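Here's input_24.pdb, which has PDB, N, CA and C atoms, pLDDT in the B column:
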ATOM      1  N   MET O   1     193.906 -28.186 167.232  1.00 65.00           N
ATOM      2  CA  MET O   1     192.649 -27.485 167.213  1.00 65.00           C
ATOM      3  C   MET O   1     191.623 -28.339 167.944  1.00 65.00           C
ATOM      4  N   ASP O   2     191.031 -27.822 168.976  1.00 78.00           N
ATOM      5  CA  ASP O   2     189.949 -28.506 169.679  1.00 78.00           C
ATOM      6  C   ASP O   2     188.632 -28.089 169.053  1.00 78.00           C
ATOM      7  N   VAL O   3     187.787 -29.074 168.794  1.00 79.00           N
ATOM      8  CA  VAL O   3     186.512 -28.828 168.136  1.00 79.00           C
ATOM      9  C   VAL O   3     185.424 -29.559 168.898  1.00 79.00           C
ATOM     10  N   THR O   4     184.321 -28.881 169.126  1.00 84.00           N
ATOM     11  CA  THR O   4     183.179 -29.523 169.769  1.00 84.00           C
ATOM     12  C   THR O   4     182.286 -30.161 168.701  1.00 84.00           C
ATOM     13  N   LEU O   5     181.436 -31.087 169.119  1.00 81.00           N
ATOM     14  CA  LEU O   5     180.490 -31.695 168.186  1.00 81.00           C
ATOM     15  C   LEU O   5     179.540 -30.647 167.603  1.00 81.00           C
ATOM     16  N   GLU O   6     179.182 -29.663 168.387  1.00 87.00           N
ATOM     17  CA  GLU O   6     178.298 -28.612 167.904  1.00 87.00           C
ATOM     18  C   GLU O   6     178.959 -27.825 166.776  1.00 87.00           C
ATOM     19  N   GLN O   7     180.241 -27.499 166.935  1.00 85.00           N
ATOM     20  CA  GLN O   7     180.961 -26.780 165.891  1.00 85.00           C
ATOM     21  C   GLN O   7     181.089 -27.644 164.636  1.00 85.00           C
ATOM     22  N   LEU O   8     181.453 -28.881 164.822  1.00 80.00           N
ATOM     23  CA  LEU O   8     181.664 -29.799 163.710  1.00 80.00           C
ATOM     24  C   LEU O   8     180.397 -29.997 162.887  1.00 80.00           C
ATOM     25  N   SER O   9     179.262 -30.068 163.549  1.00 83.00           N
ATOM     26  CA  SER O   9     178.005 -30.315 162.841  1.00 83.00           C
ATOM     27  C   SER O   9     177.638 -29.173 161.900  1.00 83.00           C
ATOM     28  N   GLY O  10     178.171 -27.991 162.138  1.00 84.00           N
ATOM     29  CA  GLY O  10     177.871 -26.852 161.286  1.00 84.00           C
ATOM     30  C   GLY O  10     178.824 -26.665 160.126  1.00 84.00           C
ATOM     31  N   TRP O  11     179.883 -27.438 160.056  1.00 86.00           N
ATOM     32  CA  TRP O  11     180.886 -27.279 159.001  1.00 86.00           C
ATOM     33  C   TRP O  11     180.502 -28.059 157.749  1.00 86.00           C
ATOM     34  N   ASP O  12     180.885 -27.555 156.611  1.00 85.00           N
ATOM     35  CA  ASP O  12     180.673 -28.225 155.332  1.00 85.00           C
ATOM     36  C   ASP O  12     181.569 -29.457 155.265  1.00 85.00           C
ATOM     37  N   LYS O  13     180.990 -30.641 155.143  1.00 79.00           N
ATOM     38  CA  LYS O  13     181.751 -31.902 155.175  1.00 79.00           C
ATOM     39  C   LYS O  13     182.775 -31.994 154.046  1.00 79.00           C
ATOM     40  N   GLU O  14     182.547 -31.278 152.942  1.00 82.00           N
ATOM     41  CA  GLU O  14     183.501 -31.293 151.827  1.00 82.00           C
ATOM     42  C   GLU O  14     184.756 -30.491 152.151  1.00 82.00           C
ATOM     43  N   GLN O  15     184.704 -29.699 153.202  1.00 81.00           N
ATOM     44  CA  GLN O  15     185.836 -28.862 153.582  1.00 81.00           C
ATOM     45  C   GLN O  15     186.585 -29.405 154.788  1.00 81.00           C
ATOM     46  N   LEU O  16     186.371 -30.683 155.110  1.00 82.00           N
ATOM     47  CA  LEU O  16     187.003 -31.296 156.275  1.00 82.00           C
ATOM     48  C   LEU O  16     187.895 -32.457 155.865  1.00 82.00           C
ATOM     49  N   ILE O  17     188.923 -32.691 156.658  1.00 83.00           N
ATOM     50  CA  ILE O  17     189.724 -33.906 156.557  1.00 83.00           C
ATOM     51  C   ILE O  17     189.661 -34.564 157.930  1.00 83.00           C
ATOM     52  N   TYR O  18     189.155 -35.793 157.968  1.00 84.00           N
ATOM     53  CA  TYR O  18     189.108 -36.543 159.221  1.00 84.00           C
ATOM     54  C   TYR O  18     190.392 -37.343 159.338  1.00 84.00           C
ATOM     55  N   ILE O  19     191.096 -37.205 160.443  1.00 85.00           N
ATOM     56  CA  ILE O  19     192.337 -37.926 160.686  1.00 85.00           C
ATOM     57  C   ILE O  19     192.120 -38.879 161.844  1.00 85.00           C
ATOM     58  N   ASP O  20     192.347 -40.161 161.591  1.00 88.00           N
ATOM     59  CA  ASP O  20     192.186 -41.206 162.590  1.00 88.00           C
ATOM     60  C   ASP O  20     193.573 -41.570 163.116  1.00 88.00           C
ATOM     61  N   THR O  21     193.791 -41.403 164.394  1.00 87.00           N
ATOM     62  CA  THR O  21     195.112 -41.669 164.995  1.00 87.00           C
ATOM     63  C   THR O  21     195.096 -42.875 165.919  1.00 87.00           C
ATOM     64  N   ARG O  22     194.041 -43.690 165.869  1.00 88.00           N
ATOM     65  CA  ARG O  22     193.888 -44.794 166.817  1.00 88.00           C
ATOM     66  C   ARG O  22     194.764 -45.998 166.507  1.00 88.00           C
ATOM     67  N   GLY O  23     195.278 -46.106 165.311  1.00 88.00           N
ATOM     68  CA  GLY O  23     196.068 -47.270 164.939  1.00 88.00           C
ATOM     69  C   GLY O  23     195.387 -48.063 163.839  1.00 88.00           C
ATOM     70  N   ALA O  24     196.173 -48.849 163.108  1.00 89.00           N
ATOM     71  CA  ALA O  24     195.678 -49.565 161.935  1.00 89.00           C
ATOM     72  C   ALA O  24     194.610 -50.599 162.274  1.00 89.00           C
ATOM     73  N   VAL O  25     194.762 -51.312 163.378  1.00 92.00           N
ATOM     74  CA  VAL O  25     193.784 -52.345 163.743  1.00 92.00           C
ATOM     75  C   VAL O  25     192.424 -51.701 164.019  1.00 92.00           C
ATOM     76  N   ALA O  26     192.401 -50.671 164.820  1.00 93.00           N
ATOM     77  CA  ALA O  26     191.138 -49.983 165.124  1.00 93.00           C
ATOM     78  C   ALA O  26     190.534 -49.382 163.857  1.00 93.00           C
ATOM     79  N   TYR O  27     191.369 -48.819 163.003  1.00 93.00           N
ATOM     80  CA  TYR O  27     190.902 -48.227 161.747  1.00 93.00           C
ATOM     81  C   TYR O  27     190.223 -49.274 160.872  1.00 93.00           C
ATOM     82  N   ARG O  28     190.824 -50.458 160.781  1.00 93.00           N
ATOM     83  CA  ARG O  28     190.243 -51.533 159.969  1.00 93.00           C
ATOM     84  C   ARG O  28     188.907 -52.010 160.528  1.00 93.00           C
ATOM     85  N   HIS O  29     188.705 -51.865 161.823  1.00 95.00           N
ATOM     86  CA  HIS O  29     187.447 -52.304 162.438  1.00 95.00           C
ATOM     87  C   HIS O  29     186.344 -51.267 162.304  1.00 95.00           C
ATOM     88  N   GLY O  30     186.674 -50.095 161.835  1.00 94.00           N
ATOM     89  CA  GLY O  30     185.654 -49.074 161.616  1.00 94.00           C
ATOM     90  C   GLY O  30     186.209 -47.680 161.768  1.00 94.00           C
ATOM     91  N   HIS O  31     185.776 -46.796 160.888  1.00 92.00           N
ATOM     92  CA  HIS O  31     186.217 -45.409 160.924  1.00 92.00           C
ATOM     93  C   HIS O  31     185.214 -44.543 160.170  1.00 92.00           C
ATOM     94  N   ILE O  32     185.341 -43.258 160.311  1.00 86.00           N
ATOM     95  CA  ILE O  32     184.503 -42.301 159.593  1.00 86.00           C
ATOM     96  C   ILE O  32     184.810 -42.432 158.104  1.00 86.00           C
ATOM     97  N   ASP O  33     183.777 -42.400 157.257  1.00 86.00           N
ATOM     98  CA  ASP O  33     183.992 -42.465 155.816  1.00 86.00           C
ATOM     99  C   ASP O  33     185.018 -41.419 155.374  1.00 86.00           C
ATOM    100  N   ASN O  34     185.946 -41.837 154.541  1.00 84.00           N
ATOM    101  CA  ASN O  34     186.997 -40.984 153.977  1.00 84.00           C
ATOM    102  C   ASN O  34     188.029 -40.515 154.994  1.00 84.00           C
ATOM    103  N   ALA O  35     188.023 -41.070 156.200  1.00 88.00           N
ATOM    104  CA  ALA O  35     189.039 -40.703 157.187  1.00 88.00           C
ATOM    105  C   ALA O  35     190.412 -41.194 156.730  1.00 88.00           C
ATOM    106  N   VAL O  36     191.433 -40.423 157.064  1.00 86.00           N
ATOM    107  CA  VAL O  36     192.807 -40.762 156.731  1.00 86.00           C
ATOM    108  C   VAL O  36     193.457 -41.334 157.979  1.00 86.00           C
ATOM    109  N   LEU O  37     194.100 -42.483 157.845  1.00 87.00           N
ATOM    110  CA  LEU O  37     194.791 -43.097 158.976  1.00 87.00           C
ATOM    111  C   LEU O  37     196.191 -42.498 159.098  1.00 87.00           C
ATOM    112  N   LEU O  38     196.451 -41.842 160.203  1.00 84.00           N
ATOM    113  CA  LEU O  38     197.773 -41.306 160.517  1.00 84.00           C
ATOM    114  C   LEU O  38     198.085 -41.720 161.951  1.00 84.00           C
ATOM    115  N   ASP O  39     198.501 -42.968 162.112  1.00 76.00           N
ATOM    116  CA  ASP O  39     198.732 -43.451 163.470  1.00 76.00           C
ATOM    117  C   ASP O  39     200.135 -43.162 163.977  1.00 76.00           C
ATOM    118  N   ASP O  40     201.026 -42.702 163.119  1.00 69.00           N
ATOM    119  CA  ASP O  40     202.364 -42.276 163.553  1.00 69.00           C
ATOM    120  C   ASP O  40     202.617 -40.898 162.966  1.00 69.00           C
ATOM    121  N   ILE O  41     202.379 -39.861 163.760  1.00 64.00           N
ATOM    122  CA  ILE O  41     202.422 -38.491 163.257  1.00 64.00           C
ATOM    123  C   ILE O  41     203.804 -38.105 162.736  1.00 64.00           C
ATOM    124  N   CYS O  42     204.867 -38.689 163.258  1.00 58.00           N
ATOM    125  CA  CYS O  42     206.212 -38.381 162.754  1.00 58.00           C
ATOM    126  C   CYS O  42     206.361 -38.863 161.315  1.00 58.00           C
ATOM    127  N   ILE O  43     205.873 -40.058 161.037  1.00 60.00           N
ATOM    128  CA  ILE O  43     205.924 -40.583 159.670  1.00 60.00           C
ATOM    129  C   ILE O  43     204.932 -39.820 158.797  1.00 60.00           C
ATOM    130  N   ALA O  44     203.785 -39.515 159.343  1.00 54.00           N
ATOM    131  CA  ALA O  44     202.739 -38.839 158.577  1.00 54.00           C
ATOM    132  C   ALA O  44     203.211 -37.495 158.049  1.00 54.00           C
ATOM    133  N   ASN O  45     203.987 -36.776 158.828  1.00 57.00           N
ATOM    134  CA  ASN O  45     204.477 -35.476 158.384  1.00 57.00           C
ATOM    135  C   ASN O  45     205.284 -35.589 157.102  1.00 57.00           C
ATOM    136  N   ASN O  46     205.939 -36.712 156.894  1.00 60.00           N
ATOM    137  CA  ASN O  46     206.781 -36.891 155.726  1.00 60.00           C
ATOM    138  C   ASN O  46     206.103 -37.630 154.586  1.00 60.00           C
ATOM    139  N   SER O  47     204.981 -38.298 154.833  1.00 60.00           N
ATOM    140  CA  SER O  47     204.410 -39.155 153.801  1.00 60.00           C
ATOM    141  C   SER O  47     203.025 -38.745 153.323  1.00 60.00           C
ATOM    142  N   TYR O  48     202.397 -37.803 153.961  1.00 62.00           N
ATOM    143  CA  TYR O  48     201.046 -37.417 153.574  1.00 62.00           C
ATOM    144  C   TYR O  48     200.942 -35.911 153.618  1.00 62.00           C
ATOM    145  N   SER O  49     200.616 -35.311 152.498  1.00 66.00           N
ATOM    146  CA  SER O  49     200.472 -33.856 152.497  1.00 66.00           C
ATOM    147  C   SER O  49     198.996 -33.507 152.672  1.00 66.00           C
ATOM    148  N   LEU O  50     198.721 -32.708 153.671  1.00 67.00           N
ATOM    149  CA  LEU O  50     197.358 -32.297 153.960  1.00 67.00           C
ATOM    150  C   LEU O  50     196.981 -31.116 153.085  1.00 67.00           C
ATOM    151  N   ASP O  51     195.720 -31.044 152.734  1.00 72.00           N
ATOM    152  CA  ASP O  51     195.185 -29.912 151.996  1.00 72.00           C
ATOM    153  C   ASP O  51     194.858 -28.833 153.023  1.00 72.00           C
ATOM    154  N   TYR O  52     195.714 -27.835 153.155  1.00 74.00           N
ATOM    155  CA  TYR O  52     195.549 -26.828 154.196  1.00 74.00           C
ATOM    156  C   TYR O  52     194.416 -25.840 153.921  1.00 74.00           C
ATOM    157  N   SER O  53     193.736 -25.992 152.786  1.00 80.00           N
ATOM    158  CA  SER O  53     192.561 -25.159 152.541  1.00 80.00           C
ATOM    159  C   SER O  53     191.350 -25.739 153.266  1.00 80.00           C
ATOM    160  N   LYS O  54     191.503 -26.970 153.794  1.00 72.00           N
ATOM    161  CA  LYS O  54     190.424 -27.616 154.546  1.00 72.00           C
ATOM    162  C   LYS O  54     190.717 -27.539 156.033  1.00 72.00           C
ATOM    163  N   LYS O  55     189.676 -27.759 156.838  1.00 63.00           N
ATOM    164  CA  LYS O  55     189.840 -27.748 158.286  1.00 63.00           C
ATOM    165  C   LYS O  55     190.258 -29.112 158.746  1.00 63.00           C
TER
END

So that I can check it, write out the structure of this file as structure tokens.
Amino acid sequence: MDVTLEQLSGWDKEQLIYIDTRGAVAYRHGHIDNAVLLDDICIANNSYSLDYSKK
């Protein structure tokens, strides 16, 4: 899903899941509050269940 900043700014923050795919080192140096680190999507599919009621 491609999202623009304009679209994102209008969404309810409680209904979003931020996924950080940059890698563990970059994540440790800073990330969006409550972002989930999923730097290996193949592993992530098996180890983290997303709440599909959120965007």

Open item on the list: Starting from the PyMOL selection byres ((chain O and resi 6-19) around 6.5), expand the selection into actual residues of this file and give them as a ChimeraX atom specification.
Closed with: /O:3-5,20-21,34-38,53-55

Task: Atomic distance CA of His29 (chain O) - CA of Asp51 (chain O), expressed in Å with one decimal - done: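 We find that CA of His29 (chain O) and CA of Asp51 (chain O) lie 25.9 Å from each other.
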
Once 4 Å is added on each side, what centre and edge lengths in Å to one decimal does the axis-aligned box around all listed atoms of region 15-28 of chain O have, as AutoDock Vina command-line options?
--center_x 190.4 --center_y -40.6 --center_z 160.0 --size_x 19.5 --size_y 31.5 --size_z 21.6

TODO: Enter the distance from CA of Gly23 (chain O) to CA of Asp39 (chain O), in Å, rounded to one decimal.
DONE: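 According to the coordinates, CA of Gly23 (chain O) and CA of Asp39 (chain O) are separated by 4.9 Å.
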
DSSP on the backbone, then: every residue of region 12-41 of chain O marked strand (DSSP E or B), written as a short mmCIF file (atom, residue, chain, number, x, y, z; two decimals) with N, CA and C atoms, in the coordinates of the input.
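And here is the file that came out, out.cif:
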data_model
loop_
_atom_site.label_atom_id
_atom_site.label_comp_id
_atom_site.auth_asym_id
_atom_site.auth_seq_id
_atom_site.Cartn_x
_atom_site.Cartn_y
_atom_site.Cartn_z
N ILE O 19 191.10 -37.20 160.44
CA ILE O 19 192.34 -37.93 160.69
C ILE O 19 192.12 -38.88 161.84
N ASP O 20 192.35 -40.16 161.59
CA ASP O 20 192.19 -41.21 162.59
C ASP O 20 193.57 -41.57 163.12
N VAL O 36 191.43 -40.42 157.06
CA VAL O 36 192.81 -40.76 156.73
C VAL O 36 193.46 -41.33 157.98
N LEU O 37 194.10 -42.48 157.84
CA LEU O 37 194.79 -43.10 158.98
C LEU O 37 196.19 -42.50 159.10
#

May I ask you to restore all heavy atoms in region 3-14 of chain O and write the result as a PDB file, in the frame of the given file?
ATOM      1  N   VAL O   3     187.787 -29.074 168.794  1.00 79.00           N
ATOM      2  CA  VAL O   3     186.512 -28.828 168.136  1.00 79.00           C
ATOM      3  C   VAL O   3     185.424 -29.559 168.898  1.00 79.00           C
ATOM      4  O   VAL O   3     185.579 -30.723 169.253  1.00 79.00           O
ATOM      5  CB  VAL O   3     186.540 -29.341 166.680  1.00 79.00           C
ATOM      6  CG1 VAL O   3     185.204 -29.113 166.012  1.00 79.00           C
ATOM      7  CG2 VAL O   3     187.657 -28.692 165.896  1.00 79.00           C
ATOM      8  N   THR O   4     184.321 -28.881 169.126  1.00 84.00           N
ATOM      9  CA  THR O   4     183.179 -29.523 169.769  1.00 84.00           C
ATOM     10  C   THR O   4     182.286 -30.161 168.701  1.00 84.00           C
ATOM     11  O   THR O   4     182.359 -29.814 167.520  1.00 84.00           O
ATOM     12  CB  THR O   4     182.341 -28.504 170.561  1.00 84.00           C
ATOM     13  OG1 THR O   4     181.748 -27.584 169.637  1.00 84.00           O
ATOM     14  CG2 THR O   4     183.187 -27.759 171.587  1.00 84.00           C
ATOM     15  N   LEU O   5     181.436 -31.087 169.119  1.00 81.00           N
ATOM     16  CA  LEU O   5     180.490 -31.695 168.186  1.00 81.00           C
ATOM     17  C   LEU O   5     179.540 -30.647 167.603  1.00 81.00           C
ATOM     18  O   LEU O   5     179.156 -30.729 166.438  1.00 81.00           O
ATOM     19  CB  LEU O   5     179.695 -32.794 168.873  1.00 81.00           C
ATOM     20  CG  LEU O   5     180.451 -34.083 169.161  1.00 81.00           C
ATOM     21  CD1 LEU O   5     179.583 -35.045 169.956  1.00 81.00           C
ATOM     22  CD2 LEU O   5     180.923 -34.724 167.875  1.00 81.00           C
ATOM     23  N   GLU O   6     179.182 -29.663 168.387  1.00 87.00           N
ATOM     24  CA  GLU O   6     178.298 -28.612 167.904  1.00 87.00           C
ATOM     25  C   GLU O   6     178.959 -27.825 166.776  1.00 87.00           C
ATOM     26  O   GLU O   6     178.336 -27.515 165.766  1.00 87.00           O
ATOM     27  CB  GLU O   6     177.894 -27.664 169.051  1.00 87.00           C
ATOM     28  CG  GLU O   6     176.966 -28.290 170.057  1.00 87.00           C
ATOM     29  CD  GLU O   6     177.690 -29.193 171.067  1.00 87.00           C
ATOM     30  OE1 GLU O   6     178.912 -29.053 171.266  1.00 87.00           O
ATOM     31  OE2 GLU O   6     177.020 -30.060 171.632  1.00 87.00           O
ATOM     32  N   GLN O   7     180.241 -27.499 166.935  1.00 85.00           N
ATOM     33  CA  GLN O   7     180.961 -26.780 165.891  1.00 85.00           C
ATOM     34  C   GLN O   7     181.089 -27.644 164.636  1.00 85.00           C
ATOM     35  O   GLN O   7     180.844 -27.177 163.528  1.00 85.00           O
ATOM     36  CB  GLN O   7     182.361 -26.383 166.367  1.00 85.00           C
ATOM     37  CG  GLN O   7     182.371 -25.327 167.436  1.00 85.00           C
ATOM     38  CD  GLN O   7     183.755 -25.152 168.014  1.00 85.00           C
ATOM     39  OE1 GLN O   7     184.441 -26.120 168.319  1.00 85.00           O
ATOM     40  NE2 GLN O   7     184.168 -23.898 168.172  1.00 85.00           N
ATOM     41  N   LEU O   8     181.453 -28.881 164.822  1.00 80.00           N
ATOM     42  CA  LEU O   8     181.664 -29.799 163.710  1.00 80.00           C
ATOM     43  C   LEU O   8     180.397 -29.997 162.887  1.00 80.00           C
ATOM     44  O   LEU O   8     180.436 -30.060 161.660  1.00 80.00           O
ATOM     45  CB  LEU O   8     182.174 -31.145 164.227  1.00 80.00           C
ATOM     46  CG  LEU O   8     182.513 -32.199 163.196  1.00 80.00           C
ATOM     47  CD1 LEU O   8     183.656 -31.730 162.311  1.00 80.00           C
ATOM     48  CD2 LEU O   8     182.898 -33.499 163.872  1.00 80.00           C
ATOM     49  N   SER O   9     179.262 -30.068 163.549  1.00 83.00           N
ATOM     50  CA  SER O   9     178.005 -30.315 162.841  1.00 83.00           C
ATOM     51  C   SER O   9     177.638 -29.173 161.900  1.00 83.00           C
ATOM     52  O   SER O   9     176.909 -29.387 160.940  1.00 83.00           O
ATOM     53  CB  SER O   9     176.873 -30.580 163.825  1.00 83.00           C
ATOM     54  OG  SER O   9     176.594 -29.408 164.568  1.00 83.00           O
ATOM     55  N   GLY O  10     178.171 -27.991 162.138  1.00 84.00           N
ATOM     56  CA  GLY O  10     177.871 -26.852 161.286  1.00 84.00           C
ATOM     57  C   GLY O  10     178.824 -26.665 160.126  1.00 84.00           C
ATOM     58  O   GLY O  10     178.600 -25.815 159.259  1.00 84.00           O
ATOM     59  N   TRP O  11     179.883 -27.438 160.056  1.00 86.00           N
ATOM     60  CA  TRP O  11     180.886 -27.279 159.001  1.00 86.00           C
ATOM     61  C   TRP O  11     180.502 -28.059 157.749  1.00 86.00           C
ATOM     62  O   TRP O  11     179.887 -29.121 157.809  1.00 86.00           O
ATOM     63  CB  TRP O  11     182.247 -27.745 159.475  1.00 86.00           C
ATOM     64  CG  TRP O  11     182.877 -26.863 160.508  1.00 86.00           C
ATOM     65  CD1 TRP O  11     182.433 -25.645 160.939  1.00 86.00           C
ATOM     66  CD2 TRP O  11     184.055 -27.135 161.257  1.00 86.00           C
ATOM     67  NE1 TRP O  11     183.265 -25.154 161.898  1.00 86.00           N
ATOM     68  CE2 TRP O  11     184.270 -26.043 162.110  1.00 86.00           C
ATOM     69  CE3 TRP O  11     184.948 -28.193 161.284  1.00 86.00           C
ATOM     70  CZ2 TRP O  11     185.362 -25.983 162.973  1.00 86.00           C
ATOM     71  CZ3 TRP O  11     186.023 -28.134 162.145  1.00 86.00           C
ATOM     72  CH2 TRP O  11     186.227 -27.031 162.977  1.00 86.00           C
ATOM     73  N   ASP O  12     180.885 -27.555 156.611  1.00 85.00           N
ATOM     74  CA  ASP O  12     180.673 -28.225 155.332  1.00 85.00           C
ATOM     75  C   ASP O  12     181.569 -29.457 155.265  1.00 85.00           C
ATOM     76  O   ASP O  12     182.792 -29.350 155.328  1.00 85.00           O
ATOM     77  CB  ASP O  12     181.005 -27.259 154.196  1.00 85.00           C
ATOM     78  CG  ASP O  12     180.860 -27.873 152.819  1.00 85.00           C
ATOM     79  OD1 ASP O  12     180.371 -29.018 152.705  1.00 85.00           O
ATOM     80  OD2 ASP O  12     181.224 -27.198 151.846  1.00 85.00           O
ATOM     81  N   LYS O  13     180.990 -30.641 155.143  1.00 79.00           N
ATOM     82  CA  LYS O  13     181.751 -31.902 155.175  1.00 79.00           C
ATOM     83  C   LYS O  13     182.775 -31.994 154.046  1.00 79.00           C
ATOM     84  O   LYS O  13     183.775 -32.685 154.155  1.00 79.00           O
ATOM     85  CB  LYS O  13     180.800 -33.105 155.105  1.00 79.00           C
ATOM     86  CG  LYS O  13     179.784 -33.149 156.219  1.00 79.00           C
ATOM     87  CD  LYS O  13     180.424 -33.216 157.582  1.00 79.00           C
ATOM     88  CE  LYS O  13     179.392 -33.392 158.666  1.00 79.00           C
ATOM     89  NZ  LYS O  13     179.306 -32.362 159.636  1.00 79.00           N
ATOM     90  N   GLU O  14     182.547 -31.278 152.942  1.00 82.00           N
ATOM     91  CA  GLU O  14     183.501 -31.293 151.827  1.00 82.00           C
ATOM     92  C   GLU O  14     184.756 -30.491 152.151  1.00 82.00           C
ATOM     93  O   GLU O  14     185.748 -30.586 151.441  1.00 82.00           O
ATOM     94  CB  GLU O  14     182.838 -30.741 150.561  1.00 82.00           C
ATOM     95  CG  GLU O  14     181.669 -31.568 150.089  1.00 82.00           C
ATOM     96  CD  GLU O  14     182.070 -32.994 149.727  1.00 82.00           C
ATOM     97  OE1 GLU O  14     183.124 -33.160 149.086  1.00 82.00           O
ATOM     98  OE2 GLU O  14     181.336 -33.927 150.087  1.00 82.00           O
TER      99      GLU O  14
END
